[in-house]
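Asker: Below is the file final.cif, which contains mmCIF, C-alpha atoms.
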data_target
loop_
_atom_site.group_PDB
_atom_site.id
_atom_site.type_symbol
_atom_site.label_atom_id
_atom_site.label_comp_id
_atom_site.auth_asym_id
_atom_site.auth_seq_id
_atom_site.Cartn_x
_atom_site.Cartn_y
_atom_site.Cartn_z
ATOM 1 C CA MET A 1 34.778 10.461 7.312
ATOM 2 C CA PHE A 2 31.345 9.293 6.178
ATOM 3 C CA ARG A 3 30.776 5.937 4.555
ATOM 4 C CA ARG A 4 29.896 5.837 0.896
ATOM 5 C CA ALA A 5 26.224 6.513 0.281
ATOM 6 C CA ILE A 6 23.997 3.453 -0.009
ATOM 7 C CA LEU A 7 21.207 3.922 -2.541
ATOM 8 C CA PHE A 8 17.709 2.581 -2.008
ATOM 9 C CA SER A 9 15.006 2.284 -4.624
ATOM 10 C CA PHE A 10 11.991 1.157 -2.655
ATOM 11 C CA ALA A 11 10.053 -0.035 -5.693
ATOM 12 C CA TRP A 12 12.337 -2.992 -6.344
ATOM 13 C CA LEU A 13 13.024 -4.090 -2.789
ATOM 14 C CA PRO A 14 11.616 -7.587 -2.127
ATOM 15 C CA ALA A 15 9.206 -8.227 0.703
ATOM 16 C CA LEU A 16 10.785 -9.078 4.037
ATOM 17 C CA SER A 17 10.255 -12.849 3.993
ATOM 18 C CA ALA A 18 8.818 -13.286 7.477
ATOM 19 C CA ALA A 19 7.590 -9.751 8.010
ATOM 20 C CA HIS A 20 3.987 -9.033 8.886
ATOM 21 C CA ILE A 21 2.286 -5.724 9.624
ATOM 22 C CA GLU A 22 -1.177 -5.141 11.038
ATOM 23 C CA LEU A 23 -3.417 -2.438 12.426
ATOM 24 C CA VAL A 24 -3.870 -2.752 16.198
ATOM 25 C CA ALA A 25 -5.529 0.541 17.196
ATOM 26 C CA GLY A 26 -7.225 3.488 15.559
ATOM 27 C CA GLY A 27 -9.172 3.863 12.358
ATOM 28 C CA GLY A 28 -12.598 4.213 13.949
ATOM 29 C CA ASP A 29 -14.770 6.997 15.323
ATOM 30 C CA ALA A 30 -15.327 5.853 18.915
ATOM 31 C CA GLN A 31 -14.062 7.263 22.194
ATOM 32 C CA PRO A 32 -12.113 5.338 24.865
ATOM 33 C CA GLY A 33 -14.263 2.528 26.189
ATOM 34 C CA ALA A 34 -14.617 1.070 22.702
ATOM 35 C CA PRO A 35 -12.353 -1.704 21.313
ATOM 36 C CA PRO A 36 -8.906 -0.533 20.061
ATOM 37 C CA LEU A 37 -9.782 -0.843 16.363
ATOM 38 C CA ALA A 38 -12.916 1.256 16.876
ATOM 39 C CA LEU A 39 -11.032 4.134 18.510
ATOM 40 C CA ARG A 40 -10.695 7.541 16.936
ATOM 41 C CA LEU A 41 -7.084 8.452 17.708
ATOM 42 C CA VAL A 42 -5.729 11.964 17.207
ATOM 43 C CA GLU A 43 -2.066 11.969 16.166
ATOM 44 C CA PRO A 44 -0.799 9.192 18.428
ATOM 45 C CA PHE A 45 2.879 9.427 19.328
ATOM 46 C CA GLY A 46 4.159 7.374 22.277
ATOM 47 C CA VAL A 47 3.269 3.775 23.067
ATOM 48 C CA GLU A 48 4.602 1.759 26.010
ATOM 49 C CA TYR A 49 3.796 -1.440 27.934
ATOM 50 C CA ASP A 50 3.607 -2.277 31.618
ATOM 51 C CA THR A 51 4.543 -5.631 33.148
ATOM 52 C CA ALA A 52 0.905 -6.775 33.209
ATOM 53 C CA GLY A 53 0.659 -6.530 29.416
ATOM 54 C CA ASN A 54 -1.388 -3.326 29.358
ATOM 55 C CA TRP A 55 -0.289 -0.805 26.785
ATOM 56 C CA TYR A 56 -0.672 2.935 26.739
ATOM 57 C CA ILE A 57 -1.029 5.439 23.896
ATOM 58 C CA VAL A 58 -0.283 9.121 24.265
ATOM 59 C CA GLU A 59 -1.627 11.517 21.631
ATOM 60 C CA LEU A 60 0.303 14.563 20.488
ATOM 61 C CA ALA A 61 -2.699 16.499 19.185
ATOM 62 C CA GLY A 62 -5.394 14.751 21.206
ATOM 63 C CA ASN A 63 -3.703 15.526 24.554
ATOM 64 C CA ARG A 64 -4.865 12.166 25.887
ATOM 65 C CA LEU A 65 -3.352 9.104 27.536
ATOM 66 C CA ILE A 66 -5.288 5.939 26.688
ATOM 67 C CA LYS A 67 -4.914 2.526 28.325
ATOM 68 C CA VAL A 68 -5.498 -0.747 26.444
ATOM 69 C CA THR A 69 -5.714 -3.997 28.415
ATOM 70 C CA PRO A 70 -4.660 -7.427 27.076
ATOM 71 C CA ARG A 71 -8.401 -8.156 26.691
ATOM 72 C CA GLY A 72 -8.827 -5.153 24.418
ATOM 73 C CA GLU A 73 -10.586 -2.899 26.910
ATOM 74 C CA THR A 74 -9.745 0.790 26.565
ATOM 75 C CA SER A 75 -10.024 3.683 28.998
ATOM 76 C CA LEU A 76 -8.942 7.296 29.317
ATOM 77 C CA LEU A 77 -6.308 7.982 32.005
ATOM 78 C CA ALA A 78 -5.430 11.643 31.412
ATOM 79 C CA SER A 79 -6.465 14.442 29.080
ATOM 80 C CA SER A 80 -7.015 18.093 29.874
ATOM 81 C CA GLU A 81 -3.871 18.412 32.016
ATOM 82 C CA LEU A 82 -1.537 17.528 29.119
ATOM 83 C CA LYS A 83 -0.196 19.917 26.497
ATOM 84 C CA GLU A 84 0.968 18.214 23.290
ATOM 85 C CA PRO A 85 2.670 15.250 24.979
ATOM 86 C CA HIS A 86 5.187 13.412 22.801
ATOM 87 C CA GLY A 87 6.224 10.265 24.612
ATOM 88 C CA ILE A 88 5.944 7.958 27.596
ATOM 89 C CA ALA A 89 8.179 5.555 29.533
ATOM 90 C CA ILE A 90 7.151 2.987 32.138
ATOM 91 C CA THR A 91 9.226 1.388 34.880
ATOM 92 C CA ARG A 92 8.830 -2.192 36.054
ATOM 93 C CA GLU A 93 7.484 -0.807 39.347
ATOM 94 C CA GLY A 94 4.591 0.861 37.554
ATOM 95 C CA ARG A 95 5.679 4.485 37.279
ATOM 96 C CA LEU A 96 4.558 6.004 33.979
ATOM 97 C CA PHE A 97 6.479 9.102 32.873
ATOM 98 C CA ILE A 98 5.030 11.463 30.255
ATOM 99 C CA ALA A 99 6.933 13.938 28.101
ATOM 100 C CA ASP A 100 4.450 16.762 28.685
ATOM 101 C CA THR A 101 6.058 18.866 26.006
ATOM 102 C CA HIS A 102 4.627 22.349 26.196
ATOM 103 C CA ASN A 103 4.049 22.188 29.921
ATOM 104 C CA ASN A 104 7.854 21.958 29.991
ATOM 105 C CA ARG A 105 7.806 19.075 32.398
ATOM 106 C CA VAL A 106 7.843 15.322 32.844
ATOM 107 C CA GLY A 107 4.566 14.129 34.301
ATOM 108 C CA LEU A 108 4.207 11.038 36.453
ATOM 109 C CA ILE A 109 1.339 8.611 36.852
ATOM 110 C CA THR A 110 1.654 5.864 39.445
ATOM 111 C CA LEU A 111 -0.364 3.114 37.804
ATOM 112 C CA ARG A 112 -1.796 1.866 41.090
ATOM 113 C CA SER A 113 -3.562 5.186 41.605
ATOM 114 C CA ASN A 114 -3.711 6.655 38.079
ATOM 115 C CA ALA A 115 -3.160 10.156 39.503
ATOM 116 C CA LEU A 116 -1.087 12.562 37.375
ATOM 117 C CA THR A 117 1.559 14.619 39.178
ATOM 118 C CA SER A 118 4.652 16.549 38.119
ATOM 119 C CA PHE A 119 7.937 14.640 38.347
ATOM 120 C CA ALA A 120 10.452 16.953 36.669
ATOM 121 C CA GLY A 121 10.348 20.572 35.606
ATOM 122 C CA THR A 122 8.916 23.703 37.123
ATOM 123 C CA GLY A 123 6.453 24.214 34.279
ATOM 124 C CA THR A 124 8.136 27.498 33.356
ATOM 125 C CA PRO A 125 10.351 27.300 30.249
ATOM 126 C CA GLY A 126 14.062 27.823 30.875
ATOM 127 C CA TYR A 127 17.342 26.080 31.515
ATOM 128 C CA SER A 128 18.480 25.468 35.071
ATOM 129 C CA GLY A 129 18.782 22.857 37.758
ATOM 130 C CA ASP A 130 21.746 20.656 36.869
ATOM 131 C CA GLY A 131 23.037 19.036 40.050
ATOM 132 C CA GLY A 132 19.741 19.586 41.813
ATOM 133 C CA PRO A 133 16.369 17.854 42.179
ATOM 134 C CA ALA A 134 14.322 17.176 39.065
ATOM 135 C CA ASN A 135 11.219 19.015 40.267
ATOM 136 C CA ALA A 136 13.239 22.243 40.644
ATOM 137 C CA ALA A 137 14.894 22.076 37.214
ATOM 138 C CA ALA A 138 13.758 24.095 34.210
ATOM 139 C CA PHE A 139 13.277 22.624 30.729
ATOM 140 C CA ARG A 140 12.266 24.218 27.454
ATOM 141 C CA GLY A 141 10.201 21.736 25.472
ATOM 142 C CA VAL A 142 10.294 18.142 26.744
ATOM 143 C CA PHE A 143 9.991 16.367 23.391
ATOM 144 C CA ALA A 144 11.021 12.814 24.246
ATOM 145 C CA ILE A 145 11.933 10.666 27.210
ATOM 146 C CA ALA A 146 13.529 7.229 27.498
ATOM 147 C CA LEU A 147 14.672 4.875 30.218
ATOM 148 C CA ASP A 148 17.953 3.015 30.006
ATOM 149 C CA PRO A 149 17.504 -0.794 30.023
ATOM 150 C CA ALA A 150 18.470 -1.034 33.702
ATOM 151 C CA GLN A 151 15.979 1.748 34.483
ATOM 152 C CA ARG A 152 18.524 3.650 36.524
ATOM 153 C CA ASN A 153 18.233 6.831 34.453
ATOM 154 C CA LEU A 154 15.527 8.734 32.618
ATOM 155 C CA TYR A 155 16.794 10.666 29.587
ATOM 156 C CA ILE A 156 15.051 13.790 28.312
ATOM 157 C CA ALA A 157 15.324 15.441 24.908
ATOM 158 C CA ASP A 158 15.266 19.068 26.072
ATOM 159 C CA LEU A 159 14.867 20.283 22.508
ATOM 160 C CA SER A 160 14.809 24.055 22.723
ATOM 161 C CA ASN A 161 17.740 24.012 25.144
ATOM 162 C CA ARG A 162 19.608 21.796 22.635
ATOM 163 C CA ARG A 163 20.530 19.347 25.350
ATOM 164 C CA ILE A 164 19.945 15.792 26.467
ATOM 165 C CA ARG A 165 19.261 15.833 30.204
ATOM 166 C CA ARG A 166 19.511 12.855 32.543
ATOM 167 C CA ILE A 167 17.679 12.148 35.802
ATOM 168 C CA ASP A 168 19.149 9.583 38.178
ATOM 169 C CA LEU A 169 16.042 7.765 39.395
ATOM 170 C CA SER A 170 17.636 6.778 42.706
ATOM 171 C CA SER A 171 18.429 10.376 43.677
ATOM 172 C CA ASN A 172 16.154 12.372 41.284
ATOM 173 C CA LEU A 173 19.141 14.612 40.487
ATOM 174 C CA VAL A 174 19.491 16.185 37.033
ATOM 175 C CA THR A 175 22.620 16.379 34.877
ATOM 176 C CA THR A 176 23.317 17.120 31.213
ATOM 177 C CA ALA A 177 24.405 14.122 29.128
ATOM 178 C CA ALA A 178 24.881 15.936 25.803
ATOM 179 C CA GLY A 179 24.765 19.449 24.417
ATOM 180 C CA ASN A 180 26.186 22.761 25.620
ATOM 181 C CA GLY A 181 23.235 24.845 24.426
ATOM 182 C CA GLY A 182 24.963 25.956 21.230
ATOM 183 C CA LYS A 183 23.636 25.089 17.771
ATOM 184 C CA GLY A 184 26.015 23.124 15.579
ATOM 185 C CA VAL A 185 27.471 19.792 14.573
ATOM 186 C CA PRO A 186 29.581 18.162 17.303
ATOM 187 C CA THR A 187 33.139 17.076 16.533
ATOM 188 C CA ASP A 188 33.568 13.318 16.562
ATOM 189 C CA GLY A 189 35.290 12.219 19.747
ATOM 190 C CA SER A 190 34.547 15.394 21.684
ATOM 191 C CA MET A 191 32.887 15.367 25.095
ATOM 192 C CA ALA A 192 29.150 15.321 24.485
ATOM 193 C CA ALA A 193 28.197 17.657 27.327
ATOM 194 C CA GLU A 194 30.647 20.261 25.993
ATOM 195 C CA SER A 195 29.521 20.011 22.359
ATOM 196 C CA PRO A 196 26.823 21.768 20.337
ATOM 197 C CA LEU A 197 23.784 19.978 18.951
ATOM 198 C CA THR A 198 21.468 21.054 16.168
ATOM 199 C CA ASP A 199 18.076 20.111 17.590
ATOM 200 C CA PRO A 200 17.879 16.896 19.654
ATOM 201 C CA ARG A 201 14.335 15.625 19.122
ATOM 202 C CA ALA A 202 14.585 12.121 20.576
ATOM 203 C CA VAL A 203 16.832 9.967 22.738
ATOM 204 C CA ALA A 204 17.313 6.252 23.422
ATOM 205 C CA ALA A 205 19.789 4.180 25.419
ATOM 206 C CA ASP A 206 21.090 0.662 24.846
ATOM 207 C CA SER A 207 22.350 -2.079 27.165
ATOM 208 C CA HIS A 208 25.997 -1.172 26.473
ATOM 209 C CA GLY A 209 25.699 2.287 28.006
ATOM 210 C CA ASN A 210 25.405 4.155 24.705
ATOM 211 C CA ILE A 211 22.986 7.061 24.309
ATOM 212 C CA TYR A 212 21.530 7.701 20.846
ATOM 213 C CA VAL A 213 20.470 11.223 19.925
ATOM 214 C CA LEU A 214 18.186 11.872 16.951
ATOM 215 C CA GLU A 215 18.147 15.348 15.427
ATOM 216 C CA ARG A 216 15.077 16.533 13.554
ATOM 217 C CA GLY A 217 16.370 19.548 11.645
ATOM 218 C CA GLY A 218 19.929 18.248 11.613
ATOM 219 C CA ASN A 219 18.612 15.020 10.013
ATOM 220 C CA ALA A 220 21.273 13.134 11.934
ATOM 221 C CA LEU A 221 21.811 10.279 14.355
ATOM 222 C CA ARG A 222 24.549 10.675 16.955
ATOM 223 C CA ARG A 223 25.853 8.370 19.676
ATOM 224 C CA VAL A 224 27.303 9.190 23.077
ATOM 225 C CA ASP A 225 29.525 6.366 24.328
ATOM 226 C CA PRO A 226 29.814 5.282 27.983
ATOM 227 C CA ASN A 227 32.828 7.606 28.353
ATOM 228 C CA GLY A 228 30.690 10.603 27.368
ATOM 229 C CA ARG A 229 32.184 11.136 23.900
ATOM 230 C CA ILE A 230 29.935 11.866 20.949
ATOM 231 C CA ARG A 231 30.114 10.643 17.357
ATOM 232 C CA THR A 232 27.883 11.164 14.316
ATOM 233 C CA LEU A 233 26.514 7.922 12.832
ATOM 234 C CA ILE A 234 24.144 9.280 10.186
ATOM 235 C CA ALA A 235 24.499 12.699 8.560
ATOM 236 C CA PRO A 236 23.047 14.400 5.446
ATOM 237 C CA GLY A 237 24.605 13.105 2.257
ATOM 238 C CA GLN A 238 25.533 9.745 3.739
ATOM 239 C CA PHE A 239 22.477 7.754 2.648
ATOM 240 C CA THR A 240 19.793 8.093 -0.004
ATOM 241 C CA PRO A 241 17.300 9.255 0.912
ATOM 242 C CA ASN A 242 18.637 11.460 3.683
ATOM 243 C CA LEU A 243 16.801 11.377 6.970
ATOM 244 C CA ASN A 244 14.042 13.946 6.672
ATOM 245 C CA GLY A 245 12.600 15.393 9.857
ATOM 246 C CA PRO A 246 12.964 12.198 11.930
ATOM 247 C CA LYS A 247 10.877 12.314 15.082
ATOM 248 C CA HIS A 248 11.605 9.304 17.279
ATOM 249 C CA LEU A 249 13.786 6.233 17.770
ATOM 250 C CA CYS A 250 14.220 3.116 19.851
ATOM 251 C CA THR A 251 16.705 0.263 20.102
ATOM 252 C CA ASP A 252 15.836 -3.402 19.581
ATOM 253 C CA ARG A 253 17.109 -6.554 21.278
ATOM 254 C CA GLN A 254 20.069 -6.765 18.905
ATOM 255 C CA GLY A 255 21.151 -3.214 19.749
ATOM 256 C CA ARG A 256 20.020 -1.868 16.398
ATOM 257 C CA VAL A 257 18.433 1.564 16.129
ATOM 258 C CA ILE A 258 14.958 2.019 14.652
ATOM 259 C CA ILE A 259 14.034 5.486 13.392
ATOM 260 C CA ALA A 260 10.651 7.069 12.676
ATOM 261 C CA ASP A 261 11.718 8.986 9.558
ATOM 262 C CA ALA A 262 8.571 11.080 9.524
ATOM 263 C CA GLU A 263 8.849 13.323 6.470
ATOM 264 C CA ASN A 264 10.080 10.404 4.350
ATOM 265 C CA ASN A 265 7.025 8.398 5.485
ATOM 266 C CA LEU A 266 9.327 5.539 6.441
ATOM 267 C CA VAL A 267 10.479 3.504 9.407
ATOM 268 C CA ARG A 268 14.179 2.628 9.010
ATOM 269 C CA LEU A 269 16.704 0.436 10.814
ATOM 270 C CA TYR A 270 20.316 1.443 11.452
ATOM 271 C CA ASP A 271 22.742 -1.330 12.397
ATOM 272 C CA PRO A 272 25.745 0.004 14.356
ATOM 273 C CA ALA A 273 27.613 -3.245 13.697
ATOM 274 C CA ASN A 274 28.047 -2.493 10.003
ATOM 275 C CA GLY A 275 26.810 1.061 9.547
ATOM 276 C CA SER A 276 23.921 0.072 7.269
ATOM 277 C CA LEU A 277 20.531 1.773 7.024
ATOM 278 C CA ARG A 278 17.525 0.015 5.514
ATOM 279 C CA PRO A 279 13.757 0.526 5.407
ATOM 280 C CA LEU A 280 11.460 -1.606 7.555
ATOM 281 C CA ALA A 281 8.081 -0.168 6.611
ATOM 282 C CA GLY A 282 6.654 2.412 4.244
ATOM 283 C CA THR A 283 6.863 3.147 0.536
ATOM 284 C CA GLY A 284 8.372 6.614 0.891
ATOM 285 C CA LYS A 285 5.092 8.262 -0.102
ATOM 286 C CA PRO A 286 2.183 9.148 2.181
ATOM 287 C CA GLY A 287 -0.822 6.876 2.085
ATOM 288 C CA ILE A 288 -3.083 4.624 4.130
ATOM 289 C CA THR A 289 -2.932 1.163 2.497
ATOM 290 C CA VAL A 290 -1.778 -1.743 4.702
ATOM 291 C CA VAL A 291 -0.318 -4.801 2.948
ATOM 292 C CA ALA A 292 -0.144 -7.363 5.730
ATOM 293 C CA ASN A 293 2.630 -9.526 4.284
ATOM 294 C CA ASP A 294 4.657 -6.660 2.808
ATOM 295 C CA PRO A 295 5.577 -3.773 5.134
ATOM 296 C CA LEU A 296 7.593 -2.133 2.326
ATOM 297 C CA ARG A 297 4.398 -1.739 0.314
ATOM 298 C CA THR A 298 2.409 -0.590 3.315
ATOM 299 C CA GLU A 299 1.833 3.160 3.244
ATOM 300 C CA LEU A 300 2.562 5.417 6.204
ATOM 301 C CA ASN A 301 1.781 9.068 6.775
ATOM 302 C CA ARG A 302 4.376 10.890 8.891
ATOM 303 C CA PRO A 303 5.096 8.151 11.435
ATOM 304 C CA HIS A 304 6.129 9.859 14.676
ATOM 305 C CA GLY A 305 6.771 7.052 17.147
ATOM 306 C CA VAL A 306 8.480 3.659 17.320
ATOM 307 C CA THR A 307 8.485 1.351 20.346
ATOM 308 C CA LEU A 308 9.637 -2.195 20.995
ATOM 309 C CA ALA A 309 6.929 -4.398 22.523
ATOM 310 C CA PRO A 310 7.825 -6.945 25.222
ATOM 311 C CA ASP A 311 7.680 -9.784 22.658
ATOM 312 C CA GLY A 312 10.059 -7.963 20.305
ATOM 313 C CA ALA A 313 7.420 -6.663 17.892
ATOM 314 C CA LEU A 314 7.843 -3.116 16.629
ATOM 315 C CA ILE A 315 4.968 -0.744 17.375
ATOM 316 C CA ILE A 316 4.621 2.148 14.917
ATOM 317 C CA SER A 317 2.645 5.292 15.688
ATOM 318 C CA ASP A 318 1.446 6.185 12.188
ATOM 319 C CA SER A 319 0.555 9.632 13.401
ATOM 320 C CA TYR A 320 -1.080 11.356 10.450
ATOM 321 C CA ASN A 321 -3.098 8.222 9.700
ATOM 322 C CA HIS A 322 -4.194 8.360 13.370
ATOM 323 C CA ARG A 323 -3.447 4.687 13.967
ATOM 324 C CA ILE A 324 -1.063 2.207 15.600
ATOM 325 C CA LEU A 325 0.571 -0.595 13.578
ATOM 326 C CA ARG A 326 2.419 -3.706 14.758
ATOM 327 C CA LEU A 327 5.363 -5.075 12.755
ATOM 328 C CA THR A 328 6.856 -8.522 13.322
ATOM 329 C CA GLY A 329 9.473 -10.633 11.552
ATOM 330 C CA TYR A 330 11.617 -7.715 10.511
#
Could you render the structure from this file as structure tokens?
Answerer:
Amino acid sequence: MFRRAILFSFAWLPALSAAHIELVAGGGDAQPGAPPLALRLVEPFGVEYDTAGNWYIVELAGNRLIKVTPRGETSLLASSELKEPHGIAITREGRLFIADTHNNRVGLITLRSNALTSFAGTGTPGYSGDGGPANAAAFRGVFAIALDPAQRNLYIADLSNRRIRRIDLSSNLVTTAAGNGGKGVPTDGSMAAESPLTDPRAVAADSHGNIYVLERGGNALRRVDPNGRIRTLIAPGQFTPNLNGPKHLCTDRQGRVIIADAENNLVRLYDPANGSLRPLAGTGKPGITVVANDPLRTELNRPHGVTLAPDGALIISDSYNHRILRLTGY
């Protein structure tokens, strides 16, 4: 049974007292090699950090992977080989995985060499390979990837197959964590791998062994517990406004779930402890204005990506404004 709807009217919400939002990349006309704020980004999506403090931006429409050093130096790492990449994940050992969406694969860059190779997927769309090696498995649209906090597993939102796939990074073997390929709403408490999904667009994992599945067309958030059972946390009609074409999610240090609610032009926070959902940034209408001390009066335009920085700041890929924002104090 769903909880009673919680109504939000964004106009009257007070500013988050300690919150601060700022532009950290994009907004210019320059190519990589220029400072971050001078860059011309083209629909940025994924952002991740390595242990040296470098951060990386992957562009959905630009088909580029851009590196930014702590000193603000930028460079191009990959471009023509990618086909509408949606996300990246980086291990502590310096392996950078790319959700190379319409190449139907997960790419790999070893940061010591910066060479791009194929890690998972044959490149031909399909569904096969469970129980076998990742490079022999078939995927159909790799729309998001995420590491678990221990970095033992890489999770893949295999969207067109309506499944969440899992790669054990010690063996490189593939299994299915959620979805049976059918389209539908899973029954609460059922086994996730035996249940239908609507359209799993993004995936994240927390330190308790839970897997969160975000559905774009289903406008829903679901959770797979460590025993493999699935439950719906957010569904249409439960909150106002409903999720509307959400594209990405991450978990923060408190185990809360942050959602890029793209078509609502919002970034929202779901707290599993009490079932609440509240806005973190955005007015609900598309726009470009940044109000540094008031994220709820800062305008977004179809934000597609959210990432937690090493210091706990939230990084927002404000995709249709072609920029990256940094939110603190939320």
Asker: Provide the CA of Ala292 in chain A to CA of Ile316 in chain A distance in Å, to one decimal place.
Answerer: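 Answer for the CA of Ala292 in chain A to CA of Ile316 in chain A separation: 14.1 Å.
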Asker: Identify which of the residues A:Ile288, A:Ala34, A:Ala205, A:Ile98 lies closest to Arg256 in chain A, counting all atoms listed in the file when measuring atom-to-atom distances.
Answerer: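 Of all the options, A:Ala205 lies closest to Arg256 in chain A.
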Asker: If you count all atoms listed in the file, which residues fall within 12 Å of Arg162 in chain A, apart from same-chain ones fewer than 2 positions away, as a compact mmCIF listing (two decimals) with C-alpha atoms, in the frame of the given file?
Answerer:
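Output saved as result.txt:
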# COMPACT_ATOMS: atom_id res chain seq x y z
CA GLY A 126 14.06 27.82 30.88
CA TYR A 127 17.34 26.08 31.52
CA PHE A 139 13.28 22.62 30.73
CA ARG A 140 12.27 24.22 27.45
CA GLY A 141 10.20 21.74 25.47
CA VAL A 142 10.29 18.14 26.74
CA PHE A 143 9.99 16.37 23.39
CA ILE A 156 15.05 13.79 28.31
CA ALA A 157 15.32 15.44 24.91
CA ASP A 158 15.27 19.07 26.07
CA LEU A 159 14.87 20.28 22.51
CA SER A 160 14.81 24.06 22.72
CA ILE A 164 19.94 15.79 26.47
CA ARG A 165 19.26 15.83 30.20
CA THR A 176 23.32 17.12 31.21
CA ALA A 177 24.40 14.12 29.13
CA ALA A 178 24.88 15.94 25.80
CA GLY A 179 24.76 19.45 24.42
CA ASN A 180 26.19 22.76 25.62
CA GLY A 181 23.24 24.84 24.43
CA GLY A 182 24.96 25.96 21.23
CA LYS A 183 23.64 25.09 17.77
CA GLY A 184 26.02 23.12 15.58
CA VAL A 185 27.47 19.79 14.57
CA PRO A 186 29.58 18.16 17.30
CA ALA A 192 29.15 15.32 24.48
CA ALA A 193 28.20 17.66 27.33
CA GLU A 194 30.65 20.26 25.99
CA SER A 195 29.52 20.01 22.36
CA PRO A 196 26.82 21.77 20.34
CA LEU A 197 23.78 19.98 18.95
CA THR A 198 21.47 21.05 16.17
CA ASP A 199 18.08 20.11 17.59
CA PRO A 200 17.88 16.90 19.65
CA ARG A 201 14.34 15.62 19.12
CA ALA A 202 14.58 12.12 20.58
CA VAL A 213 20.47 11.22 19.92
CA LEU A 214 18.19 11.87 16.95
CA GLU A 215 18.15 15.35 15.43
CA ARG A 216 15.08 16.53 13.55
CA GLY A 217 16.37 19.55 11.64
CA GLY A 218 19.93 18.25 11.61
Asker: Given the PyMOL selection byres ((chain A and resi 222-226) around 6) and the file above, list the residues it selects as a ChimeraX atom specification.
Answerer: /A:209-213,221,227-233
Asker: Kindly indicate which residue among A:Arg112, A:Arg268, A:Arg92, A:Arg163 lies nearest to Gln151 in chain A, using all atoms listed in the file for the distances.
Answerer: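 Ranked by minimum distance to Gln151 in chain A, first place goes to A:Arg92.
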Asker: Which of these, A:Val203, A:Leu277, A:Val291, A:Ile324, has the shortest distance to Glu59 in chain A once you count all atoms listed in the file?
Answerer: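 Distance minimum relative to Glu59 in chain A lands on A:Ile324.
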Asker: Which polymer residues, protein or nucleic acid, are no farther than 8 Å from (7.3, 6.5, 16.9), counting all atoms listed in the file, as a list in words?
Answerer: Phe45, Gly46, Val47, Lys247, His248, Leu249, Ile259, Ala260, Pro303, His304, Gly305, Val306, Thr307, Ile315, Ile316, Ser317 and Asp318 of chain A
Asker: Where does the PyMOL selection byres ((chain A and resi 51-54) around 10) land in this file, that is, which residues does it pick, as a list in words?
Answerer: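 Written out, the selection comes to Glu48, Tyr49, Asp50, Trp55, Tyr56, Lys67, Val68, Thr69, Pro70, Arg71, Gly72, Glu73, Thr74, Ile90, Thr91, Arg92, Glu93, Gly94, Ala309 and Pro310 of chain A.
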Asker: With C-alpha atoms retained, export the selected residues as a PDB file, in the coordinates of the input.
Answerer:
ATOM      1  CA  GLU A  48       4.602   1.759  26.010  1.00  0.00           C
ATOM      2  CA  TYR A  49       3.796  -1.440  27.934  1.00  0.00           C
ATOM      3  CA  ASP A  50       3.607  -2.277  31.618  1.00  0.00           C
ATOM      4  CA  TRP A  55      -0.289  -0.805  26.785  1.00  0.00           C
ATOM      5  CA  TYR A  56      -0.672   2.935  26.739  1.00  0.00           C
ATOM      6  CA  LYS A  67      -4.914   2.526  28.325  1.00  0.00           C
ATOM      7  CA  VAL A  68      -5.498  -0.747  26.444  1.00  0.00           C
ATOM      8  CA  THR A  69      -5.714  -3.997  28.415  1.00  0.00           C
ATOM      9  CA  PRO A  70      -4.660  -7.427  27.076  1.00  0.00           C
ATOM     10  CA  ARG A  71      -8.401  -8.156  26.691  1.00  0.00           C
ATOM     11  CA  GLY A  72      -8.827  -5.153  24.418  1.00  0.00           C
ATOM     12  CA  GLU A  73     -10.586  -2.899  26.910  1.00  0.00           C
ATOM     13  CA  THR A  74      -9.745   0.790  26.565  1.00  0.00           C
ATOM     14  CA  ILE A  90       7.151   2.987  32.138  1.00  0.00           C
ATOM     15  CA  THR A  91       9.226   1.388  34.880  1.00  0.00           C
ATOM     16  CA  ARG A  92       8.830  -2.192  36.054  1.00  0.00           C
ATOM     17  CA  GLU A  93       7.484  -0.807  39.347  1.00  0.00           C
ATOM     18  CA  GLY A  94       4.591   0.861  37.554  1.00  0.00           C
ATOM     19  CA  ALA A 309       6.929  -4.398  22.523  1.00  0.00           C
ATOM     20  CA  PRO A 310       7.825  -6.945  25.222  1.00  0.00           C
TER      21      PRO A 310
END
Asker: Considering only C-alpha atoms, state which residue in the set A:Thr175, A:Gln254, A:Asn301, A:Asn321 is at the smallest distance from Gly129 in chain A.
Answerer: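 Once distances to Gly129 in chain A are computed over only C-alpha atoms, the minimum belongs to A:Thr175.
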Asker: Run the PyMOL selection byres ((chain A and resi 107) around 8) against the file shown and list the residues it catches, as a list in words.
Answerer: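 Residues picked by the PyMOL selection byres ((chain A and resi 107) around 8): Phe97, Ile98, Ala99, Asp100, Arg105, Val106, Leu108, Ile109, Leu116, Thr117, Ser118, Phe119 and Ala120 of chain A.
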Asker: Grab the CA of Ala144 in chain A to CA of His86 in chain A distance for me, in Å with one decimal place.
Answerer: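 Atom-to-atom, CA of Ala144 in chain A and CA of His86 in chain A are spaced 6.0 Å apart.
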Asker: Which centre and which edge lengths, in Å to one decimal, describe the axis-aligned box that holds all listed atoms of range 176-184 of chain A after 3 Å is added on each side, as AutoDock Vina command-line options?
Answerer:
--center_x 24.7 --center_y 20.0 --center_z 23.4 --size_x 9.0 --size_y 17.8 --size_z 21.6
Asker: Have a look at A:Asn264, A:Ser207, A:Asn135, A:Ser128 and name the one nearest to Asn172 in chain A; count all atoms listed in the file.
Answerer: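 Distance minimum relative to Asn172 in chain A lands on A:Asn135.
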Asker: For CA of Thr187 in chain A and CA of Ala235 in chain A, quote the distance in Å rounded to one decimal.
Answerer: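 Between CA of Thr187 in chain A and CA of Ala235 in chain A the gap works out to 12.5 Å.
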Asker: Have a look at A:Leu314, A:Cys250, A:Ala204, A:Val257 and name the one nearest to Leu147 in chain A; count all atoms listed in the file.
Answerer: A:Ala204
